[in-house]
file upload.pdb (PDB, C-alpha atoms and all ligand atoms)
ATOM      1  CA  ALA R   1     -97.322  21.362  95.454  1.00  0.00           C
ATOM      2  CA  ILE R   2     -99.578  21.732  98.503  1.00  0.00           C
ATOM      3  CA  HIS R   3    -101.131  25.212  98.374  1.00  0.00           C
ATOM      4  CA  ARG R   4    -103.307  25.011 101.434  1.00  0.00           C
ATOM      5  CA  LEU R   5    -103.558  22.697 104.423  1.00  0.00           C
ATOM      6  CA  ARG R   6    -106.271  22.941 107.050  1.00  0.00           C
ATOM      7  CA  VAL R   7    -107.053  20.944 110.160  1.00  0.00           C
ATOM      8  CA  LEU R   8    -110.633  21.202 111.406  1.00  0.00           C
ATOM      9  CA  GLU R   9    -111.955  20.092 114.777  1.00  0.00           C
ATOM     10  CA  GLU R  10    -115.099  18.834 113.084  1.00  0.00           C
ATOM     11  CA  THR R  11    -116.721  18.675 109.674  1.00  0.00           C
ATOM     12  CA  ASP R  12    -119.440  16.628 108.017  1.00  0.00           C
ATOM     13  CA  SER R  13    -117.010  14.818 105.699  1.00  0.00           C
ATOM     14  CA  THR R  14    -113.617  16.054 104.529  1.00  0.00           C
ATOM     15  CA  ASN R  15    -114.488  14.776 101.042  1.00  0.00           C
ATOM     16  CA  ALA R  16    -117.883  16.499 100.963  1.00  0.00           C
ATOM     17  CA  ARG R  17    -116.423  19.717 102.333  1.00  0.00           C
ATOM     18  CA  LEU R  18    -113.692  19.952  99.678  1.00  0.00           C
ATOM     19  CA  LEU R  19    -116.117  19.004  96.891  1.00  0.00           C
ATOM     20  CA  ALA R  20    -118.494  21.759  97.974  1.00  0.00           C
ATOM     21  CA  GLU R  21    -115.769  24.391  97.774  1.00  0.00           C
ATOM     22  CA  ALA R  22    -114.389  25.949  94.611  1.00  0.00           C
ATOM     23  CA  PRO R  23    -111.202  24.095  93.729  1.00  0.00           C
ATOM     24  CA  ARG R  24    -107.898  25.933  94.109  1.00  0.00           C
ATOM     25  CA  SER R  25    -104.741  25.569  92.130  1.00  0.00           C
ATOM     26  CA  GLY R  26    -102.277  23.032  93.478  1.00  0.00           C
ATOM     27  CA  PHE R  27    -103.172  20.500  96.137  1.00  0.00           C
ATOM     28  CA  ASP R  28    -105.715  21.478  98.774  1.00  0.00           C
ATOM     29  CA  VAL R  29    -105.485  19.346 101.921  1.00  0.00           C
ATOM     30  CA  LEU R  30    -108.061  18.986 104.656  1.00  0.00           C
ATOM     31  CA  PHE R  31    -107.798  16.992 107.875  1.00  0.00           C
ATOM     32  CA  ALA R  32    -110.515  16.685 110.494  1.00  0.00           C
ATOM     33  CA  GLU R  33    -110.399  15.424 114.069  1.00  0.00           C
ATOM     34  CA  THR R  34    -113.878  14.029 113.613  1.00  0.00           C
ATOM     35  CA  GLN R  35    -116.518  13.739 110.883  1.00  0.00           C
ATOM     36  CA  THR R  36    -120.231  13.828 111.603  1.00  0.00           C
ATOM     37  CA  ALA R  37    -121.126  12.290 108.221  1.00  0.00           C
ATOM     38  CA  GLY R  38    -117.976  10.480 107.100  1.00  0.00           C
ATOM     39  CA  ARG R  39    -118.548   8.705 103.812  1.00  0.00           C
ATOM     40  CA  GLY R  40    -117.416   5.246 102.759  1.00  0.00           C
ATOM     41  CA  ARG R  41    -117.783   3.583  99.401  1.00  0.00           C
ATOM     42  CA  ARG R  42    -121.139   2.317  98.130  1.00  0.00           C
ATOM     43  CA  GLY R  43    -123.055   4.900 100.120  1.00  0.00           C
ATOM     44  CA  ARG R  44    -121.883   3.513 103.438  1.00  0.00           C
ATOM     45  CA  SER R  45    -120.963   5.759 106.318  1.00  0.00           C
ATOM     46  CA  TRP R  46    -117.461   5.974 107.776  1.00  0.00           C
ATOM     47  CA  HIS R  47    -117.652   6.140 111.521  1.00  0.00           C
ATOM     48  CA  SER R  48    -115.170   8.807 112.636  1.00  0.00           C
ATOM     49  CA  PRO R  49    -114.547   8.926 116.412  1.00  0.00           C
ATOM     50  CA  LYS R  50    -112.925  12.159 117.550  1.00  0.00           C
ATOM     51  CA  GLY R  51    -109.154  12.305 117.699  1.00  0.00           C
ATOM     52  CA  ALA R  52    -108.807   8.550 117.219  1.00  0.00           C
ATOM     53  CA  HIS R  53    -107.899   8.067 113.583  1.00  0.00           C
ATOM     54  CA  LEU R  54    -106.780   9.873 110.474  1.00  0.00           C
ATOM     55  CA  TYR R  55    -109.430  11.466 108.259  1.00  0.00           C
ATOM     56  CA  MET R  56    -108.072  13.438 105.369  1.00  0.00           C
ATOM     57  CA  SER R  57    -108.832  14.581 101.847  1.00  0.00           C
ATOM     58  CA  LEU R  58    -106.710  16.070  99.128  1.00  0.00           C
ATOM     59  CA  GLY R  59    -108.330  17.952  96.260  1.00  0.00           C
ATOM     60  CA  TYR R  60    -106.995  19.141  92.918  1.00  0.00           C
ATOM     61  CA  VAL R  61    -108.099  20.110  89.448  1.00  0.00           C
ATOM     62  CA  TYR R  62    -107.579  17.424  86.842  1.00  0.00           C
ATOM     63  CA  ALA R  63    -107.543  18.195  83.132  1.00  0.00           C
ATOM     64  CA  GLY R  64    -106.584  14.756  81.845  1.00  0.00           C
ATOM     65  CA  ASN R  65    -108.526  11.800  80.557  1.00  0.00           C
ATOM     66  CA  LEU R  66    -111.254  10.493  82.895  1.00  0.00           C
ATOM     67  CA  SER R  67    -110.612   6.921  81.807  1.00  0.00           C
ATOM     68  CA  GLN R  68    -107.222   7.125  83.561  1.00  0.00           C
ATOM     69  CA  LEU R  69    -108.765   7.806  86.958  1.00  0.00           C
ATOM     70  CA  PRO R  70    -110.141   4.448  88.189  1.00  0.00           C
ATOM     71  CA  PRO R  71    -106.728   2.934  89.038  1.00  0.00           C
ATOM     72  CA  LEU R  72    -105.784   6.074  90.998  1.00  0.00           C
ATOM     73  CA  ALA R  73    -107.232   4.444  94.129  1.00  0.00           C
ATOM     74  CA  LEU R  74    -104.711   1.611  93.779  1.00  0.00           C
ATOM     75  CA  ALA R  75    -101.794   4.049  93.555  1.00  0.00           C
ATOM     76  CA  VAL R  76    -103.127   6.040  96.526  1.00  0.00           C
ATOM     77  CA  GLY R  77    -103.434   2.795  98.489  1.00  0.00           C
ATOM     78  CA  LEU R  78     -99.802   2.056  97.744  1.00  0.00           C
ATOM     79  CA  ALA R  79     -98.770   5.528  98.890  1.00  0.00           C
ATOM     80  CA  CYS R  80    -100.555   4.942 102.214  1.00  0.00           C
ATOM     81  CA  ALA R  81     -99.170   1.426 102.644  1.00  0.00           C
ATOM     82  CA  GLN R  82     -95.641   2.645 102.011  1.00  0.00           C
ATOM     83  CA  ALA R  83     -96.009   5.522 104.469  1.00  0.00           C
ATOM     84  CA  VAL R  84     -97.318   3.225 107.217  1.00  0.00           C
ATOM     85  CA  THR R  85     -94.638   0.624 106.575  1.00  0.00           C
ATOM     86  CA  GLU R  86     -91.941   3.301 106.602  1.00  0.00           C
ATOM     87  CA  LEU R  87     -93.008   4.437 110.086  1.00  0.00           C
ATOM     88  CA  THR R  88     -94.034   1.146 111.681  1.00  0.00           C
ATOM     89  CA  ALA R  89     -92.444  -1.631 109.598  1.00  0.00           C
ATOM     90  CA  LEU R  90     -95.905  -3.278 109.502  1.00  0.00           C
ATOM     91  CA  PRO R  91     -96.770  -5.295 106.387  1.00  0.00           C
ATOM     92  CA  VAL R  92     -99.806  -3.425 105.088  1.00  0.00           C
ATOM     93  CA  ARG R  93    -101.634  -5.063 102.182  1.00  0.00           C
ATOM     94  CA  LEU R  94    -104.115  -3.720  99.667  1.00  0.00           C
ATOM     95  CA  LYS R  95    -107.469  -5.275  98.942  1.00  0.00           C
ATOM     96  CA  TRP R  96    -108.591  -4.260  95.471  1.00  0.00           C
ATOM     97  CA  PRO R  97    -109.896  -1.704  94.763  1.00  0.00           C
ATOM     98  CA  ASN R  98    -109.590   0.598  97.743  1.00  0.00           C
ATOM     99  CA  ASP R  99    -108.954  -1.043 101.103  1.00  0.00           C
ATOM    100  CA  LEU R 100    -105.882  -1.127 103.334  1.00  0.00           C
ATOM    101  CA  TYR R 101    -105.483  -4.337 105.302  1.00  0.00           C
ATOM    102  CA  LEU R 102    -103.401  -5.404 108.239  1.00  0.00           C
ATOM    103  CA  ASP R 103    -103.421  -8.928 109.669  1.00  0.00           C
ATOM    104  CA  GLY R 104    -106.293  -9.840 107.369  1.00  0.00           C
ATOM    105  CA  ARG R 105    -108.542  -7.100 108.733  1.00  0.00           C
ATOM    106  CA  LYS R 106    -109.409  -3.662 107.371  1.00  0.00           C
ATOM    107  CA  LEU R 107    -107.064  -0.891 108.484  1.00  0.00           C
ATOM    108  CA  GLY R 108    -108.395   1.863 106.274  1.00  0.00           C
ATOM    109  CA  GLY R 109    -110.096   2.834 103.062  1.00  0.00           C
ATOM    110  CA  ILE R 110    -109.880   5.217 100.177  1.00  0.00           C
ATOM    111  CA  LEU R 111    -112.757   7.123  98.629  1.00  0.00           C
ATOM    112  CA  ILE R 112    -112.064   9.101  95.461  1.00  0.00           C
ATOM    113  CA  GLU R 113    -114.846  11.403  94.347  1.00  0.00           C
ATOM    114  CA  THR R 114    -115.018  13.700  91.346  1.00  0.00           C
ATOM    115  CA  GLN R 115    -117.043  16.723  90.292  1.00  0.00           C
ATOM    116  CA  PRO R 116    -117.070  17.968  86.687  1.00  0.00           C
ATOM    117  CA  LEU R 117    -116.165  21.658  86.472  1.00  0.00           C
ATOM    118  CA  GLY R 118    -117.806  22.214  83.105  1.00  0.00           C
ATOM    119  CA  ASN R 119    -114.695  23.249  81.182  1.00  0.00           C
ATOM    120  CA  GLY R 120    -113.372  19.779  80.482  1.00  0.00           C
ATOM    121  CA  GLN R 121    -111.745  19.769  83.899  1.00  0.00           C
ATOM    122  CA  VAL R 122    -112.711  17.762  86.959  1.00  0.00           C
ATOM    123  CA  HIS R 123    -112.355  18.445  90.662  1.00  0.00           C
ATOM    124  CA  VAL R 124    -110.798  15.273  92.082  1.00  0.00           C
ATOM    125  CA  VAL R 125    -110.956  14.617  95.825  1.00  0.00           C
ATOM    126  CA  VAL R 126    -108.903  11.779  97.262  1.00  0.00           C
ATOM    127  CA  GLY R 127    -110.185  10.768 100.714  1.00  0.00           C
ATOM    128  CA  ILE R 128    -108.289   8.567 103.131  1.00  0.00           C
ATOM    129  CA  GLY R 129    -109.480   7.086 106.407  1.00  0.00           C
ATOM    130  CA  LEU R 130    -106.931   5.152 108.441  1.00  0.00           C
ATOM    131  CA  ASN R 131    -107.487   3.498 111.821  1.00  0.00           C
ATOM    132  CA  VAL R 132    -104.897   4.603 114.352  1.00  0.00           C
ATOM    133  CA  ARG R 133    -106.315   3.835 117.784  1.00  0.00           C
ATOM    134  CA  MET R 134    -109.809   2.362 117.864  1.00  0.00           C
ATOM    135  CA  PRO R 135    -111.764   3.440 120.959  1.00  0.00           C
ATOM    136  CA  ALA R 136    -113.728   0.579 122.536  1.00  0.00           C
ATOM    137  CA  GLU R 137    -117.073   2.358 122.144  1.00  0.00           C
ATOM    138  CA  ALA R 138    -116.381   2.955 118.443  1.00  0.00           C
ATOM    139  CA  ALA R 139    -115.455  -0.664 117.750  1.00  0.00           C
ATOM    140  CA  ALA R 140    -119.028  -1.729 118.446  1.00  0.00           C
ATOM    141  CA  MET R 141    -120.291   0.431 115.562  1.00  0.00           C
ATOM    142  CA  ILE R 142    -118.190  -1.287 112.898  1.00  0.00           C
ATOM    143  CA  ASP R 143    -119.783  -4.124 110.989  1.00  0.00           C
ATOM    144  CA  GLN R 144    -116.647  -5.787 109.595  1.00  0.00           C
ATOM    145  CA  PRO R 145    -113.341  -7.072 111.012  1.00  0.00           C
ATOM    146  CA  TRP R 146    -111.033  -4.090 111.596  1.00  0.00           C
ATOM    147  CA  SER R 147    -107.486  -3.468 112.685  1.00  0.00           C
ATOM    148  CA  ASP R 148    -105.717  -0.348 113.902  1.00  0.00           C
ATOM    149  CA  LEU R 149    -102.089   0.686 114.137  1.00  0.00           C
ATOM    150  CA  GLN R 150    -101.921   0.861 117.877  1.00  0.00           C
ATOM    151  CA  SER R 151    -102.763  -2.830 118.408  1.00  0.00           C
ATOM    152  CA  ALA R 152    -100.019  -3.839 115.997  1.00  0.00           C
ATOM    153  CA  ALA R 153     -97.246  -1.293 116.377  1.00  0.00           C
ATOM    154  CA  THR R 154     -95.544   0.738 119.004  1.00  0.00           C
ATOM    155  CA  ILE R 155     -97.462   3.959 119.519  1.00  0.00           C
ATOM    156  CA  VAL R 156     -97.782   5.902 116.313  1.00  0.00           C
ATOM    157  CA  ASP R 157     -97.800   9.657 116.336  1.00  0.00           C
ATOM    158  CA  ARG R 158    -100.752  10.857 114.248  1.00  0.00           C
ATOM    159  CA  ASN R 159     -98.929  13.993 113.128  1.00  0.00           C
ATOM    160  CA  ARG R 160     -95.934  12.055 111.876  1.00  0.00           C
ATOM    161  CA  LEU R 161     -98.228   9.602 110.164  1.00  0.00           C
ATOM    162  CA  ALA R 162    -100.151  12.433 108.508  1.00  0.00           C
ATOM    163  CA  ALA R 163     -96.913  14.026 107.276  1.00  0.00           C
ATOM    164  CA  GLN R 164     -95.550  10.740 105.960  1.00  0.00           C
ATOM    165  CA  ILE R 165     -98.786   9.966 104.119  1.00  0.00           C
ATOM    166  CA  LEU R 166     -98.962  13.432 102.584  1.00  0.00           C
ATOM    167  CA  ASP R 167     -95.391  13.233 101.435  1.00  0.00           C
ATOM    168  CA  SER R 168     -95.877   9.818  99.911  1.00  0.00           C
ATOM    169  CA  LEU R 169     -99.220  10.834  98.375  1.00  0.00           C
ATOM    170  CA  VAL R 170     -97.874  13.943  96.643  1.00  0.00           C
ATOM    171  CA  THR R 171     -94.976  11.989  95.122  1.00  0.00           C
ATOM    172  CA  THR R 172     -97.437   9.316  93.997  1.00  0.00           C
ATOM    173  CA  LEU R 173     -99.851  11.797  92.413  1.00  0.00           C
ATOM    174  CA  TYR R 174     -97.082  13.330  90.304  1.00  0.00           C
ATOM    175  CA  LYS R 175     -95.830   9.916  89.248  1.00  0.00           C
ATOM    176  CA  PHE R 176     -99.367   8.786  88.424  1.00  0.00           C
ATOM    177  CA  ALA R 177     -99.943  11.934  86.346  1.00  0.00           C
ATOM    178  CA  SER R 178     -96.794  11.393  84.308  1.00  0.00           C
ATOM    179  CA  ASP R 179     -96.568   7.602  84.018  1.00  0.00           C
ATOM    180  CA  GLY R 180    -100.076   6.315  84.785  1.00  0.00           C
ATOM    181  CA  PHE R 181    -100.920   3.105  86.642  1.00  0.00           C
ATOM    182  CA  ALA R 182     -98.390   1.084  84.647  1.00  0.00           C
ATOM    183  CA  ALA R 183     -95.646   2.546  86.850  1.00  0.00           C
ATOM    184  CA  PHE R 184     -97.342   1.066  89.966  1.00  0.00           C
ATOM    185  CA  ARG R 185     -98.529  -2.301  88.748  1.00  0.00           C
ATOM    186  CA  ALA R 186     -95.590  -4.420  89.909  1.00  0.00           C
ATOM    187  CA  ASP R 187     -95.579  -2.743  93.303  1.00  0.00           C
ATOM    188  CA  PHE R 188     -99.336  -3.234  93.608  1.00  0.00           C
ATOM    189  CA  GLU R 189     -98.927  -6.958  93.047  1.00  0.00           C
ATOM    190  CA  ARG R 190     -96.375  -7.100  95.867  1.00  0.00           C
ATOM    191  CA  HIS R 191     -99.039  -5.654  98.190  1.00  0.00           C
ATOM    192  CA  ASP R 192    -102.025  -7.508  96.702  1.00  0.00           C
ATOM    193  CA  LEU R 193    -104.005  -9.206  99.477  1.00  0.00           C
ATOM    194  CA  LEU R 194    -106.099 -11.176  96.989  1.00  0.00           C
ATOM    195  CA  LEU R 195    -103.333 -12.481  94.732  1.00  0.00           C
ATOM    196  CA  ASN R 196    -103.876 -16.172  93.911  1.00  0.00           C
ATOM    197  CA  ARG R 197    -106.607 -16.479  96.524  1.00  0.00           C
ATOM    198  CA  GLU R 198    -110.138 -17.715  96.016  1.00  0.00           C
ATOM    199  CA  VAL R 199    -112.713 -14.960  96.055  1.00  0.00           C
ATOM    200  CA  ASP R 200    -116.459 -14.472  95.726  1.00  0.00           C
ATOM    201  CA  ILE R 201    -117.469 -11.966  93.084  1.00  0.00           C
ATOM    202  CA  HIS R 202    -120.703 -10.199  93.933  1.00  0.00           C
ATOM    203  CA  ASP R 203    -122.455  -8.330  91.150  1.00  0.00           C
ATOM    204  CA  ALA R 204    -125.954  -7.504  89.985  1.00  0.00           C
ATOM    205  CA  SER R 205    -126.495 -11.066  88.758  1.00  0.00           C
ATOM    206  CA  GLY R 206    -125.383 -12.830  91.945  1.00  0.00           C
ATOM    207  CA  VAL R 207    -122.256 -14.476  93.287  1.00  0.00           C
ATOM    208  CA  GLN R 208    -119.514 -16.343  91.442  1.00  0.00           C
ATOM    209  CA  ARG R 209    -116.453 -18.132  92.650  1.00  0.00           C
ATOM    210  CA  ALA R 210    -113.053 -17.342  91.087  1.00  0.00           C
ATOM    211  CA  ARG R 211    -109.346 -17.066  91.789  1.00  0.00           C
ATOM    212  CA  ALA R 212    -107.724 -13.600  91.849  1.00  0.00           C
ATOM    213  CA  ARG R 213    -104.756 -13.250  89.472  1.00  0.00           C
ATOM    214  CA  GLY R 214    -103.508  -9.721  89.993  1.00  0.00           C
ATOM    215  CA  VAL R 215    -104.470  -6.602  88.045  1.00  0.00           C
ATOM    216  CA  ASP R 216    -104.073  -5.527  84.425  1.00  0.00           C
ATOM    217  CA  ALA R 217    -102.392  -2.360  83.129  1.00  0.00           C
ATOM    218  CA  ASN R 218    -105.625  -0.414  83.703  1.00  0.00           C
ATOM    219  CA  GLY R 219    -105.977  -1.578  87.283  1.00  0.00           C
ATOM    220  CA  ALA R 220    -108.846  -3.975  86.542  1.00  0.00           C
ATOM    221  CA  LEU R 221    -108.822  -7.062  88.782  1.00  0.00           C
ATOM    222  CA  LEU R 222    -108.023 -10.224  86.844  1.00  0.00           C
ATOM    223  CA  VAL R 223    -109.979 -13.248  87.965  1.00  0.00           C
ATOM    224  CA  GLU R 224    -109.860 -16.824  86.777  1.00  0.00           C
ATOM    225  CA  MET R 225    -113.411 -18.123  86.759  1.00  0.00           C
ATOM    226  CA  ALA R 226    -114.116 -21.411  88.502  1.00  0.00           C
ATOM    227  CA  GLY R 227    -115.270 -23.933  85.918  1.00  0.00           C
ATOM    228  CA  ASP R 228    -114.004 -22.622  82.580  1.00  0.00           C
ATOM    229  CA  GLY R 229    -110.769 -21.055  83.900  1.00  0.00           C
ATOM    230  CA  VAL R 230    -111.294 -18.001  81.683  1.00  0.00           C
ATOM    231  CA  LEU R 231    -109.406 -14.884  82.820  1.00  0.00           C
ATOM    232  CA  ARG R 232    -111.764 -11.932  83.159  1.00  0.00           C
ATOM    233  CA  PRO R 233    -111.026  -8.274  83.996  1.00  0.00           C
ATOM    234  CA  LEU R 234    -113.310  -6.794  86.664  1.00  0.00           C
ATOM    235  CA  HIS R 235    -113.893  -3.071  87.051  1.00  0.00           C
ATOM    236  CA  ALA R 236    -114.247  -1.348  90.379  1.00  0.00           C
ATOM    237  CA  GLY R 237    -117.750  -0.061  90.973  1.00  0.00           C
ATOM    238  CA  GLU R 238    -119.367  -2.976  89.154  1.00  0.00           C
ATOM    239  CA  VAL R 239    -118.458  -5.748  91.578  1.00  0.00           C
ATOM    240  CA  SER R 240    -117.527  -6.350  95.177  1.00  0.00           C
ATOM    241  CA  ILE R 241    -115.019  -8.991  96.155  1.00  0.00           C
ATOM    242  CA  ARG R 242    -115.068 -11.111  99.305  1.00  0.00           C
ATOM    243  CA  LEU R 243    -112.491 -13.585 100.464  1.00  0.00           C
TER     244      LEU R 243
HETATM  245  C1  LIG K 301    -114.211   2.913 102.332  1.00  0.00           C
HETATM  246  O1  LIG K 301    -113.443   2.021 102.695  1.00  0.00           O
HETATM  247  O2  LIG K 301    -115.408   2.704 102.154  1.00  0.00           O
HETATM  248  C2  LIG K 301    -113.638   4.308 102.103  1.00  0.00           C
HETATM  249  C3  LIG K 301    -113.569   5.091 103.392  1.00  0.00           C
HETATM  250  C4  LIG K 301    -113.028   6.490 103.183  1.00  0.00           C
HETATM  251  C5  LIG K 301    -113.101   7.316 104.464  1.00  0.00           C
HETATM  252  C6  LIG K 301    -112.401   8.638 104.333  1.00  0.00           C
HETATM  253  S1  LIG K 301    -112.253   9.506 105.877  1.00  0.00           S
HETATM  254  C7  LIG K 301    -111.746  10.957 105.056  1.00  0.00           C
HETATM  255  C8  LIG K 301    -112.581  11.070 103.781  1.00  0.00           C
HETATM  256  N1  LIG K 301    -113.829  11.780 104.044  1.00  0.00           N
HETATM  257  C9  LIG K 301    -114.888  10.975 103.928  1.00  0.00           C
HETATM  258  O3  LIG K 301    -116.072  11.322 104.142  1.00  0.00           O
HETATM  259  N2  LIG K 301    -114.504   9.736 103.571  1.00  0.00           N
HETATM  260  C10 LIG K 301    -113.059   9.657 103.396  1.00  0.00           C
END
call {"tool": "encode", "arguments": {"input": "upload.pdb", "output": "structure tokens", "more": "lines below"}}
Ligand code: BTN
result
Amino acid sequence: AIHRLRVLEETDSTNARLLAEAPRSGFDVLFAETQTAGRGRRGRSWHSPKGAHLYMSLGYVYAGNLSQLPPLALAVGLACAQAVTELTALPVRLKWPNDLYLDGRKLGGILIETQPLGNGQVHVVVGIGLNVRMPAEAAAMIDQPWSDLQSAATIVDRNRLAAQILDSLVTTLYKFASDGFAAFRADFERHDLLLNREVDIHDASGVQRARARGVDANGALLVEMAGDGVLRPLHAGEVSIRL
């Protein structure tokens, strides 16, 4: 259950702030109106204009197997997509491994960070950034195609959205803890932006062309390599995928 919920006017990063604090029992939730050092994946920054979007993190202590954690981002993405669709009826899609998409452009992202606690347990912080109403001056700072809810839906109340996401997220975290990613795989494929599309795989050795074929039971992206047609599992963190 949620044991604490705070809303700050400003913080450096809701993820960083929770990670710097001693973890509490239960779920610890932190929202901020703005972040001065919002973090994205791959060391990028997450521009966080005040009062415009949703910036939130949820922390908890995890005692399970670390190898189960990578596909958590996919389940969290589904929780967010379902919450948004419930409120707006918009068809939100997921771009493996951690992006929310709307109309082919990025609507939000998920950043899961962990901190070992030294007793076999880990502090897990699930961060979510979701574009609600992009201010014109903020749009200029973003280096990739973006979407927001306000351009696509009737006006969305940020408080209702926050509540819906939290609700959906808590249910998802319990289900993930008991049944693992397997319980989400079919639903993920229904939301999979990349499914059966041609993608570029960027990794340390360069770029390769392939066709995305869904995810496996561990949440690895399955790709069919151009040329030999071999199906290969890709792990988040080792590659980046572009359409
Ligand atoms: C990405 O797409 O790169 C992930 C973006 C995650 C942004 C959210 S905003 C709330 C939380 N606090 C952070 O510093 N980052 C995440």
call {"tool": "residues_near_ligand", "arguments": {"input": "upload.pdb", "ligand": "ligand LIG 301 (chain K)", "cutoff": "10 Å", "atoms": "all atoms listed in the file", "output": "PyMOL selection string"}}
result
chain R and resi 11-18+30-32+34-48+53-58+97-100+106-113+125-131
call {"tool": "residues_around", "arguments": {"input": "upload.pdb", "residues": "region 174-182 of chain R", "least_positions_apart": "5", "cutoff": "10 Å", "atoms": "all atoms listed in the file", "output": "compact mmCIF listing (two decimals) with C-alpha atoms, in the frame of the given file"}}
result
# COMPACT_ATOMS: atom_id res chain seq x y z
CA ALA R 1 -97.32 21.36 95.45
CA TYR R 62 -107.58 17.42 86.84
CA GLY R 64 -106.58 14.76 81.84
CA GLN R 68 -107.22 7.12 83.56
CA LEU R 69 -108.76 7.81 86.96
CA PRO R 70 -110.14 4.45 88.19
CA PRO R 71 -106.73 2.93 89.04
CA LEU R 72 -105.78 6.07 91.00
CA ALA R 73 -107.23 4.44 94.13
CA LEU R 74 -104.71 1.61 93.78
CA ALA R 75 -101.79 4.05 93.56
CA VAL R 76 -103.13 6.04 96.53
CA LEU R 169 -99.22 10.83 98.38
CA ASP R 187 -95.58 -2.74 93.30
CA PHE R 188 -99.34 -3.23 93.61
CA ASP R 216 -104.07 -5.53 84.42
CA ALA R 217 -102.39 -2.36 83.13
CA ASN R 218 -105.62 -0.41 83.70
CA GLY R 219 -105.98 -1.58 87.28
call {"tool": "closest_residue", "arguments": {"input": "upload.pdb", "among": "R:Trp146, R:Lys50, R:Arg158, R:Trp96", "to": "Ala212 (chain R)", "atoms": "all atoms listed in the file"}}
result
R:Trp96
call {"tool": "closest_residue", "arguments": {"input": "upload.pdb", "among": "R:Leu5, R:Leu117, R:Leu66, R:Ala152", "to": "Val29 (chain R)", "atoms": "only C-alpha atoms"}}
result
R:Leu5
call {"tool": "atom_distance", "arguments": {"input": "upload.pdb", "atom1": "CA of Asp200 (chain R)", "atom2": "CA of Arg242 (chain R)"}}
result
5.1 Å
call {"tool": "decode", "arguments": {"input": "upload.pdb", "residues": "region 20-31 of chain R", "atoms": "C-alpha atoms", "output": "JSON list (two decimals), in the first residue's frame"}}
result
[["chain", "number", "residue", "atom", "x", "y", "z"],
["R", 20, "ALA", "CA", 18.89, 9.77, -1.60],
["R", 21, "GLU", "CA", 16.43, 9.13, 1.22],
["R", 22, "ALA", "CA", 16.28, 6.04, 3.40],
["R", 23, "PRO", "CA", 13.60, 3.77, 1.97],
["R", 24, "ARG", "CA", 10.39, 3.31, 3.95],
["R", 25, "SER", "CA", 8.14, 0.33, 4.16],
["R", 26, "GLY", "CA", 5.34, 0.23, 1.62],
["R", 27, "PHE", "CA", 5.22, 2.50, -1.39],
["R", 28, "ASP", "CA", 6.66, 6.00, -1.08],
["R", 29, "VAL", "CA", 5.31, 8.40, -3.70],
["R", 30, "LEU", "CA", 6.74, 11.75, -4.72],
["R", 31, "PHE", "CA", 5.33, 14.23, -7.22]]
